[in-house]
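Beneath this line is the structure, given in structure tokens, with notes to follow.
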Amino acid sequence: MNGEFRDEHYVRGMTRLVSALLLGFLFAFSTAAASAASGLRVMTFNVMCSICRNTAEIGPLSERMAGIADTINRHDPDLVSLQEFFTGARAKELGRRLAGDYEMVYATSRFLDYADPTLLVRKSRFVVLRSGGFWLGPNAPGFSFGWKLAIPRRVEWAELEDRATGLRFTFAGTHFDARGKNRNPSAALVVKTFLPTDTPLIFAGDSNLRPGTPGFNTLVASFRDTFTEVSEHPYLANGPTMNSDGCGLDPRLVFPDCRIDHVLLSPGAPWRTRSWSVDVHKYARGFISDHRAIVVDLD
């Protein structure tokens with residue numbers, strides 16, 4: 001009896017030990033999976049429109065579309081803010097070339113689609129709960145041609161839920177006008193519209209605002225600038241580079257002073273900036289846009 005009792009006690013003890021180890025392994029695995037799922041790659045990219053002045057230099061949009069798609073496919077971002085696809089047809093043309101499973105978000109109506117900006121959201125990772133936008137001008141959120149007559153500009157946003165973690169947040173993109181009388185009040189309107197908020201926000205786009213300008217100071221006084229949260233800002237290249245490659249097509253520009261494409265976070269956003277990079281990949285005719293794709297990794 002005593003031997004049988006000891007054997008039974010031993011078996012029960014080993015069962016408890018194995019169960020505890022198994023539960024510990026499962027907990028560690030689920031924690032690691034959740035941590036991996038929380039990593040997030042964001043891109044903002046002004047693709048240069050079909051009628052922009054540098055078309056003769058680097059080619060029409062129809063010829064550059066493959067390179068634009070390749071830029072996105074090479075980095076495989078979870079979220080993308082695109083600028084200067086003015087029509088939904090152009091955005092959809094790009095979508096057919098993408099390897100990722102993205103949902104497109106841009107302004108639509110019965111008579112006209114306006115795809116500047118366009119948001120790309122990875123469908124396998126995020127649920128788009130709702131989306132919308134507003135025009136940048138004195139009639140906001142209603143339509144206008146800005147505070148000073150110009151091409152209509154707007155902000156597009158999407159409220160998302162992470163399928164893995166359940167985290168809900170807002171992803172917003174924009175393309176501010178280049179004129180100071182439009183871009184500076186655009187910055188103020190964005191801050192007024194989105195903040196304060198308890199919902200984390202990622203705001204990405206071409207602001208046409210360089211560091212130190214009034215509108216940029218308005219934005220970074222209220223948002224976190226991912227650029228300043230890391231010490232290195234590497235060029236992602238397939239050949240030799242020079243400083244101005246991170247700016248545009250003008251070799252006189254100096255990086256990072258030339259920065260106008262930004263990825264910003266709301267003050268209480270749960271992410272930490274892990275890396276901030278500039279894609280300076282060149283194709284047959286050189287660069288495929290007068291802007292560079294900015295790639296930001298968040299944890």
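All residue names refer to the structure tokens as shown: chains lettered A, B, ... in order, residues numbered from 1 in each chain, ligands numbered from 1 in order.
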
>> Just want the 10 Å neighbourhood of Met65 (chain A), counted on only C-alpha atoms, with same-chain residues fewer than 6 positions away dropped. Output as number ranges by chain.
In response: A: 47, 71, 90, 93-94, 97, 288

Residues from last step as file, N, CA and C atoms, as a compact mmCIF listing (two decimals), in the first residue's frame:
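Printed below is again-v3.txt as written:
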# COMPACT_ATOMS: atom_id res chain seq x y z
N VAL A 47 3.36 60.06 -54.63
CA VAL A 47 3.79 59.34 -55.83
C VAL A 47 4.03 60.26 -57.03
N THR A 71 7.86 49.73 -54.79
CA THR A 71 8.28 50.40 -53.56
C THR A 71 7.45 49.92 -52.37
N ARG A 90 -7.02 55.58 -60.71
CA ARG A 90 -5.57 55.46 -60.55
C ARG A 90 -5.22 54.64 -59.31
N GLU A 93 -5.84 51.05 -60.00
CA GLU A 93 -4.81 50.52 -60.88
C GLU A 93 -3.58 50.09 -60.08
N LEU A 94 -3.20 50.93 -59.12
CA LEU A 94 -2.10 50.56 -58.24
C LEU A 94 -2.45 49.31 -57.44
N ARG A 97 -1.66 45.94 -58.66
CA ARG A 97 -0.24 45.59 -58.74
C ARG A 97 0.38 45.23 -57.38
N ILE A 288 11.34 57.56 -58.94
CA ILE A 288 10.02 57.44 -59.55
C ILE A 288 9.06 58.51 -59.06

Residue contacts of Trp276 (chain A) (8 Å, only C-alpha atoms) excluding same-chain residues fewer than 5 positions away, as a PDB file with N, CA and C atoms, in the first residue's frame:
ATOM      1  N   THR A 226       7.770  61.051 -35.115  1.00  0.00           N
ATOM      2  CA  THR A 226       8.528  59.792 -35.051  1.00  0.00           C
ATOM      3  C   THR A 226       9.990  59.994 -35.452  1.00  0.00           C
ATOM      4  N   PHE A 227      10.260  60.974 -36.293  1.00  0.00           N
ATOM      5  CA  PHE A 227      11.642  61.234 -36.718  1.00  0.00           C
ATOM      6  C   PHE A 227      12.541  61.523 -35.521  1.00  0.00           C
ATOM      7  N   VAL A 230      14.026  58.565 -32.801  1.00  0.00           N
ATOM      8  CA  VAL A 230      15.153  57.665 -33.066  1.00  0.00           C
ATOM      9  C   VAL A 230      16.351  58.521 -33.473  1.00  0.00           C
ATOM     10  N   GLU A 232      18.899  57.490 -35.622  1.00  0.00           N
ATOM     11  CA  GLU A 232      19.396  57.211 -36.967  1.00  0.00           C
ATOM     12  C   GLU A 232      18.250  57.222 -37.968  1.00  0.00           C
ATOM     13  N   HIS A 233      18.550  57.690 -39.184  1.00  0.00           N
ATOM     14  CA  HIS A 233      17.537  57.811 -40.229  1.00  0.00           C
ATOM     15  C   HIS A 233      18.138  57.340 -41.551  1.00  0.00           C
ATOM     16  N   PRO A 234      18.320  56.043 -41.685  1.00  0.00           N
ATOM     17  CA  PRO A 234      19.078  55.507 -42.824  1.00  0.00           C
ATOM     18  C   PRO A 234      18.358  55.643 -44.155  1.00  0.00           C
ATOM     19  N   ILE A 294       8.639  57.313 -47.016  1.00  0.00           N
ATOM     20  CA  ILE A 294       9.120  57.265 -45.645  1.00  0.00           C
ATOM     21  C   ILE A 294       8.566  56.011 -44.996  1.00  0.00           C
ATOM     22  N   VAL A 295       9.447  55.221 -44.360  1.00  0.00           N
ATOM     23  CA  VAL A 295       9.049  53.951 -43.760  1.00  0.00           C
ATOM     24  C   VAL A 295       9.355  54.013 -42.263  1.00  0.00           C
ATOM     25  N   VAL A 296       8.321  53.842 -41.446  1.00  0.00           N
ATOM     26  CA  VAL A 296       8.460  53.948 -39.994  1.00  0.00           C
ATOM     27  C   VAL A 296       7.980  52.653 -39.356  1.00  0.00           C
ATOM     28  N   ASP A 297       8.831  52.055 -38.522  1.00  0.00           N
ATOM     29  CA  ASP A 297       8.470  50.853 -37.777  1.00  0.00           C
ATOM     30  C   ASP A 297       8.153  51.223 -36.344  1.00  0.00           C
TER      31      ASP A 297
END

>> For a test of reading the model, state the distance in Å between CA of Leu79 (chain A) and CA of Val121 (chain A), rounded to one decimal.
In response: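 We find that CA of Leu79 (chain A) and CA of Val121 (chain A) lie 5.0 Å from each other.
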
Each residue of region 129-179 of chain A lying at most 10 Å from region 254-273 of chain A should get a row with its shortest atom-to-atom pair and the distance in Å to one decimal, counting only C-alpha atoms; could you produce that, ordered by chain and increasing number, as CSV?
residue,atom,partner,partner_atom,distance
A:Leu167,CA,A:Pro270,CA,9.7
A:Phe169,CA,A:Ala269,CA,8.7
A:Thr170,CA,A:Ser266,CA,9.8
A:Phe171,CA,A:Leu265,CA,9.6
A:Ala172,CA,A:Leu264,CA,9.8
A:Gly173,CA,A:Val263,CA,9.2
A:Thr174,CA,A:Asp261,CA,10.0
A:His175,CA,A:Asp261,CA,9.2
A:Phe176,CA,A:Ile260,CA,9.9

>> Measuring between only C-alpha atoms, which one of A:Val280, A:Ile51, A:Ile72, A:Leu112 shows the shortest distance to Gly246 (chain A)?
In response: A:Val280

>> Could you tell me how far CA of Phe216 (chain A) sits from CA of Leu249 (chain A), in Å to one decimal place?
In response: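 Separation of CA of Leu249 (chain A) and CA of Phe216 (chain A): 22.0 Å.
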
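You can rank A:Arg130, A:Arg122, A:Arg154, A:Lys148 by their closest distance to Phe86 (chain A) using only C-alpha atoms, and at the top of that list sits A:Arg154.
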
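Close contacts of region 161-163 of chain A, defined as residues with an atom at most 12 Å away when counting only C-alpha atoms, with chain neighbours fewer than 2 positions off set aside, comprise Ala34, Ala37, Ser38, Gly39, Leu40, Asp78, Leu79, Val121, Arg122, Lys123, Ser124, Arg125, Phe126, Val127, Val128, Leu129, Arg130, Ala158, Glu159, Thr165, Gly166, Leu167, Arg168, Phe169, Thr170, Phe171, Thr199 and Pro200 of chain A.
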
Filtering to N, CA and C atoms, could you give me those residues as an mmCIF file, in the first residue's frame?
data_model
loop_
_atom_site.group_PDB
_atom_site.id
_atom_site.type_symbol
_atom_site.label_atom_id
_atom_site.label_comp_id
_atom_site.auth_asym_id
_atom_site.auth_seq_id
_atom_site.Cartn_x
_atom_site.Cartn_y
_atom_site.Cartn_z
ATOM 1 N N ALA A 34 1.444 38.023 -29.410
ATOM 2 C CA ALA A 34 0.812 39.340 -29.270
ATOM 3 C C ALA A 34 1.833 40.442 -29.467
ATOM 4 N N ALA A 37 2.536 40.744 -33.095
ATOM 5 C CA ALA A 37 1.409 41.359 -33.790
ATOM 6 C C ALA A 37 1.356 42.855 -33.554
ATOM 7 N N SER A 38 1.941 43.318 -32.438
ATOM 8 C CA SER A 38 1.868 44.736 -32.117
ATOM 9 C C SER A 38 2.853 45.554 -32.943
ATOM 10 N N GLY A 39 3.879 44.922 -33.540
ATOM 11 C CA GLY A 39 4.793 45.632 -34.419
ATOM 12 C C GLY A 39 4.041 46.142 -35.634
ATOM 13 N N LEU A 40 4.343 47.350 -36.046
ATOM 14 C CA LEU A 40 3.523 48.002 -37.057
ATOM 15 C C LEU A 40 4.432 48.797 -37.999
ATOM 16 N N ASP A 78 2.068 47.816 -43.241
ATOM 17 C CA ASP A 78 0.709 47.502 -42.769
ATOM 18 C C ASP A 78 -0.257 48.629 -43.110
ATOM 19 N N LEU A 79 0.244 49.860 -43.068
ATOM 20 C CA LEU A 79 -0.571 51.039 -43.322
ATOM 21 C C LEU A 79 0.194 51.977 -44.258
ATOM 22 N N VAL A 121 -4.936 49.902 -46.028
ATOM 23 C CA VAL A 121 -5.030 49.235 -44.729
ATOM 24 C C VAL A 121 -4.968 47.727 -44.960
ATOM 25 N N ARG A 122 -4.028 47.059 -44.310
ATOM 26 C CA ARG A 122 -3.891 45.614 -44.493
ATOM 27 C C ARG A 122 -5.117 44.891 -43.927
ATOM 28 N N LYS A 123 -5.882 44.256 -44.800
ATOM 29 C CA LYS A 123 -7.149 43.655 -44.399
ATOM 30 C C LYS A 123 -6.963 42.449 -43.494
ATOM 31 N N SER A 124 -5.895 41.688 -43.676
ATOM 32 C CA SER A 124 -5.697 40.492 -42.858
ATOM 33 C C SER A 124 -5.361 40.836 -41.419
ATOM 34 N N ARG A 125 -4.957 42.065 -41.180
ATOM 35 C CA ARG A 125 -4.577 42.467 -39.827
ATOM 36 C C ARG A 125 -5.577 43.394 -39.161
ATOM 37 N N PHE A 126 -6.242 44.255 -39.956
ATOM 38 C CA PHE A 126 -7.109 45.272 -39.377
ATOM 39 C C PHE A 126 -8.525 45.204 -39.937
ATOM 40 N N VAL A 127 -9.468 45.533 -39.095
ATOM 41 C CA VAL A 127 -10.854 45.734 -39.505
ATOM 42 C C VAL A 127 -11.087 47.240 -39.587
ATOM 43 N N VAL A 128 -11.601 47.700 -40.714
ATOM 44 C CA VAL A 128 -11.976 49.106 -40.836
ATOM 45 C C VAL A 128 -13.371 49.276 -40.248
ATOM 46 N N LEU A 129 -13.449 49.870 -39.081
ATOM 47 C CA LEU A 129 -14.722 50.032 -38.383
ATOM 48 C C LEU A 129 -15.565 51.124 -39.032
ATOM 49 N N ARG A 130 -14.947 52.211 -39.375
ATOM 50 C CA ARG A 130 -15.616 53.286 -40.112
ATOM 51 C C ARG A 130 -14.560 54.219 -40.679
ATOM 52 N N ALA A 158 -9.450 56.587 -41.021
ATOM 53 C CA ALA A 158 -10.118 55.297 -40.844
ATOM 54 C C ALA A 158 -9.937 54.854 -39.404
ATOM 55 N N GLU A 159 -11.020 54.463 -38.773
ATOM 56 C CA GLU A 159 -10.948 53.881 -37.435
ATOM 57 C C GLU A 159 -10.757 52.377 -37.595
ATOM 58 N N THR A 165 -4.865 41.935 -31.481
ATOM 59 C CA THR A 165 -4.802 42.490 -30.128
ATOM 60 C C THR A 165 -6.086 43.164 -29.677
ATOM 61 N N GLY A 166 -6.974 43.486 -30.627
ATOM 62 C CA GLY A 166 -8.194 44.215 -30.284
ATOM 63 C C GLY A 166 -7.995 45.698 -30.124
ATOM 64 N N LEU A 167 -6.766 46.178 -30.292
ATOM 65 C CA LEU A 167 -6.501 47.609 -30.147
ATOM 66 C C LEU A 167 -7.264 48.393 -31.212
ATOM 67 N N ARG A 168 -7.926 49.446 -30.800
ATOM 68 C CA ARG A 168 -8.614 50.348 -31.721
ATOM 69 C C ARG A 168 -7.855 51.664 -31.795
ATOM 70 N N PHE A 169 -7.688 52.155 -33.012
ATOM 71 C CA PHE A 169 -6.973 53.411 -33.214
ATOM 72 C C PHE A 169 -7.412 54.026 -34.535
ATOM 73 N N THR A 170 -6.972 55.260 -34.761
ATOM 74 C CA THR A 170 -7.297 55.983 -35.988
ATOM 75 C C THR A 170 -6.040 56.156 -36.825
ATOM 76 N N PHE A 171 -6.175 55.877 -38.109
ATOM 77 C CA PHE A 171 -5.108 56.144 -39.072
ATOM 78 C C PHE A 171 -5.607 57.229 -40.010
ATOM 79 N N THR A 199 -8.382 57.973 -28.175
ATOM 80 C CA THR A 199 -8.113 56.961 -29.195
ATOM 81 C C THR A 199 -6.753 57.229 -29.816
ATOM 82 N N PRO A 200 -5.841 56.260 -29.798
ATOM 83 C CA PRO A 200 -4.521 56.483 -30.417
ATOM 84 C C PRO A 200 -4.670 56.874 -31.889
#

>> Neighbouring residues of Pro214 (chain A) were defined as those with any atom within 7 Å, considering only C-alpha atoms; residues of the same chain fewer than 3 positions away were excluded. Please report them as a ChimeraX atom specification.
In response: /A:184,217-218

For the selection just defined, write its residues with C-alpha atoms to a file, as a PDB file, in the first residue's frame.
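Contents of the output file again.pdb:
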ATOM      1  CA  ASN A 184      -0.407  76.629 -41.825  1.00  0.00           C
ATOM      2  CA  ASN A 217       5.621  73.810 -35.067  1.00  0.00           C
ATOM      3  CA  THR A 218       1.840  73.669 -34.625  1.00  0.00           C
TER       4      THR A 218
END

>> as a list in words, please: every residue in region 80-120 of chain A that a backbone DSSP assignment puts in helix (DSSP H, G or I).
In response: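 Checking each residue of region 80-120 of chain A, the helix (DSSP H, G or I) ones are Gly88, Ala89, Arg90, Ala91, Lys92, Glu93, Leu94 and Gly95 of chain A.
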